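*Asks:* Take this structure first; my questions come after.
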Amino acid sequence: MNISVTFRHVDASDSIRARATEKFAKLQKFLRQPMTARVTVSLEKLLHQVEARISSGGNRFEAHEATEDMYTSIDKVLDKLERQIRATKGVARDKNKRGGATLRRGPLAESAAPIRLASAKAAKTAPRTGSSAGKAGNGKPSKKKTGSSKAR
């Protein structure tokens with residue numbers, strides 16, 4: 001676990017660094033692989049901004065918050081990141097629960113025999129029989145075109 005805290009336009013404070021390191025270290029319990037966190041603490045006019053980027057394995061999470069208090073900004077960013085991690089973990093758990101099946105590529109789609117459609121050429125050459133002979137697809141008799149449509 002690697003947590004780096006960077007200060008911009010703010011004097012580096014051991015208490016803020018310790019608070020950020022302590023809080024972000026708690027996110028490791030939600031992740032399976034070791035995490036790397038980059039926390040940037042800055043001051044823009046009267047707003048205390050905190051930006052955080054966490055990477056763990058192939059997952060990347062990012063959040064930022066600006067409030068009037070630095071400690072409140074750290075807590076809010078932490079809540080946002082925790083929500084993102086839990087959501088990603090829930091999606092992975094649901095996917096494992098259903099065996100990796102999705103609506104498009106479920107176990108039924110893979111195990112069922114493929115449906116063969118008649119080729120267009122075979123459909124054109126097949127003779128028409130029964131009541132549908134002489135009718136177009138909409139149930140009306142088909143009109144035969146004779147000659148050109150221009151009047152001479």
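Chain labels A, B, ... are given in the sequence in which chains occur in the structure tokens; within each chain residues are numbered consecutively from 1, and ligands are likewise numbered from 1 in the order shown.
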Mind checking which residues fall within 8 Å of region 12-28 of chain A, counting only C-alpha atoms, ignoring those fewer than 6 positions away in the same chain, and posting them as a ChimeraX atom specification?

*Replies:* /A:1,3-5,34-35,37,39,70-71,74-75,78,82

*Asks:* Could you turn the residues from that selection into a file that holds N, CA and C atoms, as a short mmCIF file (atom, residue, chain, number, x, y, z; two decimals), in the first residue's frame?

*Replies:*
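The result, written out as out02.cif:
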```cif
data_model
loop_
_atom_site.label_atom_id
_atom_site.label_comp_id
_atom_site.auth_asym_id
_atom_site.auth_seq_id
_atom_site.Cartn_x
_atom_site.Cartn_y
_atom_site.Cartn_z
N MET A 1 0.85 -1.17 0.00
CA MET A 1 0.00 0.00 0.00
C MET A 1 0.90 1.24 0.00
N ILE A 3 0.62 5.42 -0.23
CA ILE A 3 -0.24 6.61 -0.20
C ILE A 3 0.67 7.83 -0.21
N SER A 4 0.50 8.67 -1.22
CA SER A 4 1.29 9.90 -1.29
C SER A 4 0.34 11.09 -1.19
N VAL A 5 0.70 12.04 -0.36
CA VAL A 5 -0.11 13.24 -0.15
C VAL A 5 0.70 14.42 -0.66
N PRO A 34 -3.09 -4.82 -3.53
CA PRO A 34 -2.53 -3.62 -2.90
C PRO A 34 -2.88 -2.36 -3.70
N MET A 35 -3.15 -1.31 -2.98
CA MET A 35 -3.57 -0.08 -3.66
C MET A 35 -2.46 0.96 -3.64
N ALA A 37 -2.43 5.15 -3.75
CA ALA A 37 -3.29 6.33 -3.65
C ALA A 37 -2.46 7.59 -3.81
N VAL A 39 -3.12 11.56 -3.26
CA VAL A 39 -4.03 12.56 -2.71
C VAL A 39 -3.40 13.93 -2.89
N MET A 70 -10.80 21.61 5.38
CA MET A 70 -9.95 20.59 4.75
C MET A 70 -10.32 19.19 5.22
N TYR A 71 -10.61 19.04 6.50
CA TYR A 71 -10.93 17.73 7.04
C TYR A 71 -12.27 17.22 6.50
N ILE A 74 -11.63 15.91 3.00
CA ILE A 74 -11.02 14.58 3.03
C ILE A 74 -12.08 13.52 3.29
N ASP A 75 -12.96 13.78 4.26
CA ASP A 75 -14.00 12.80 4.59
C ASP A 75 -14.97 12.58 3.44
N LEU A 78 -13.35 10.54 0.73
CA LEU A 78 -13.27 9.17 1.19
C LEU A 78 -14.62 8.46 1.01
N GLU A 82 -15.25 5.23 -1.39
CA GLU A 82 -15.79 4.01 -0.81
C GLU A 82 -17.04 3.56 -1.55
#
```

*Asks:* Find the residues near Leu47 (chain A): any atom within 10 Å, counting only C-alpha atoms, skip ones fewer than 2 places away on the same chain, and give them as a PyMOL selection string.

*Replies:* chain A and resi 42-45+49-50+65-70+73

*Asks:* Once you have the residues from the selection above, write them out as an mmCIF file, in the first residue's frame, restricted to C-alpha atoms.

*Replies:*
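In the end it all went to selection-v6.cif:
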```
data_model
loop_
_atom_site.group_PDB
_atom_site.id
_atom_site.type_symbol
_atom_site.label_atom_id
_atom_site.label_comp_id
_atom_site.auth_asym_id
_atom_site.auth_seq_id
_atom_site.Cartn_x
_atom_site.Cartn_y
_atom_site.Cartn_z
ATOM 1 C CA SER A 42 -5.007 22.413 -2.442
ATOM 2 C CA LEU A 43 -6.450 25.784 -1.590
ATOM 3 C CA GLU A 44 -8.345 27.793 -4.229
ATOM 4 C CA LYS A 45 -9.531 31.131 -2.887
ATOM 5 C CA GLN A 49 -9.970 21.043 -2.389
ATOM 6 C CA VAL A 50 -9.019 17.402 -2.121
ATOM 7 C CA GLU A 65 -14.369 17.625 -3.355
ATOM 8 C CA ALA A 66 -14.163 21.293 -2.361
ATOM 9 C CA THR A 67 -15.518 22.609 0.940
ATOM 10 C CA GLU A 68 -14.619 25.314 3.440
ATOM 11 C CA ASP A 69 -12.879 22.829 5.758
ATOM 12 C CA MET A 70 -9.950 20.586 4.752
ATOM 13 C CA SER A 73 -13.158 17.611 2.162
#
```
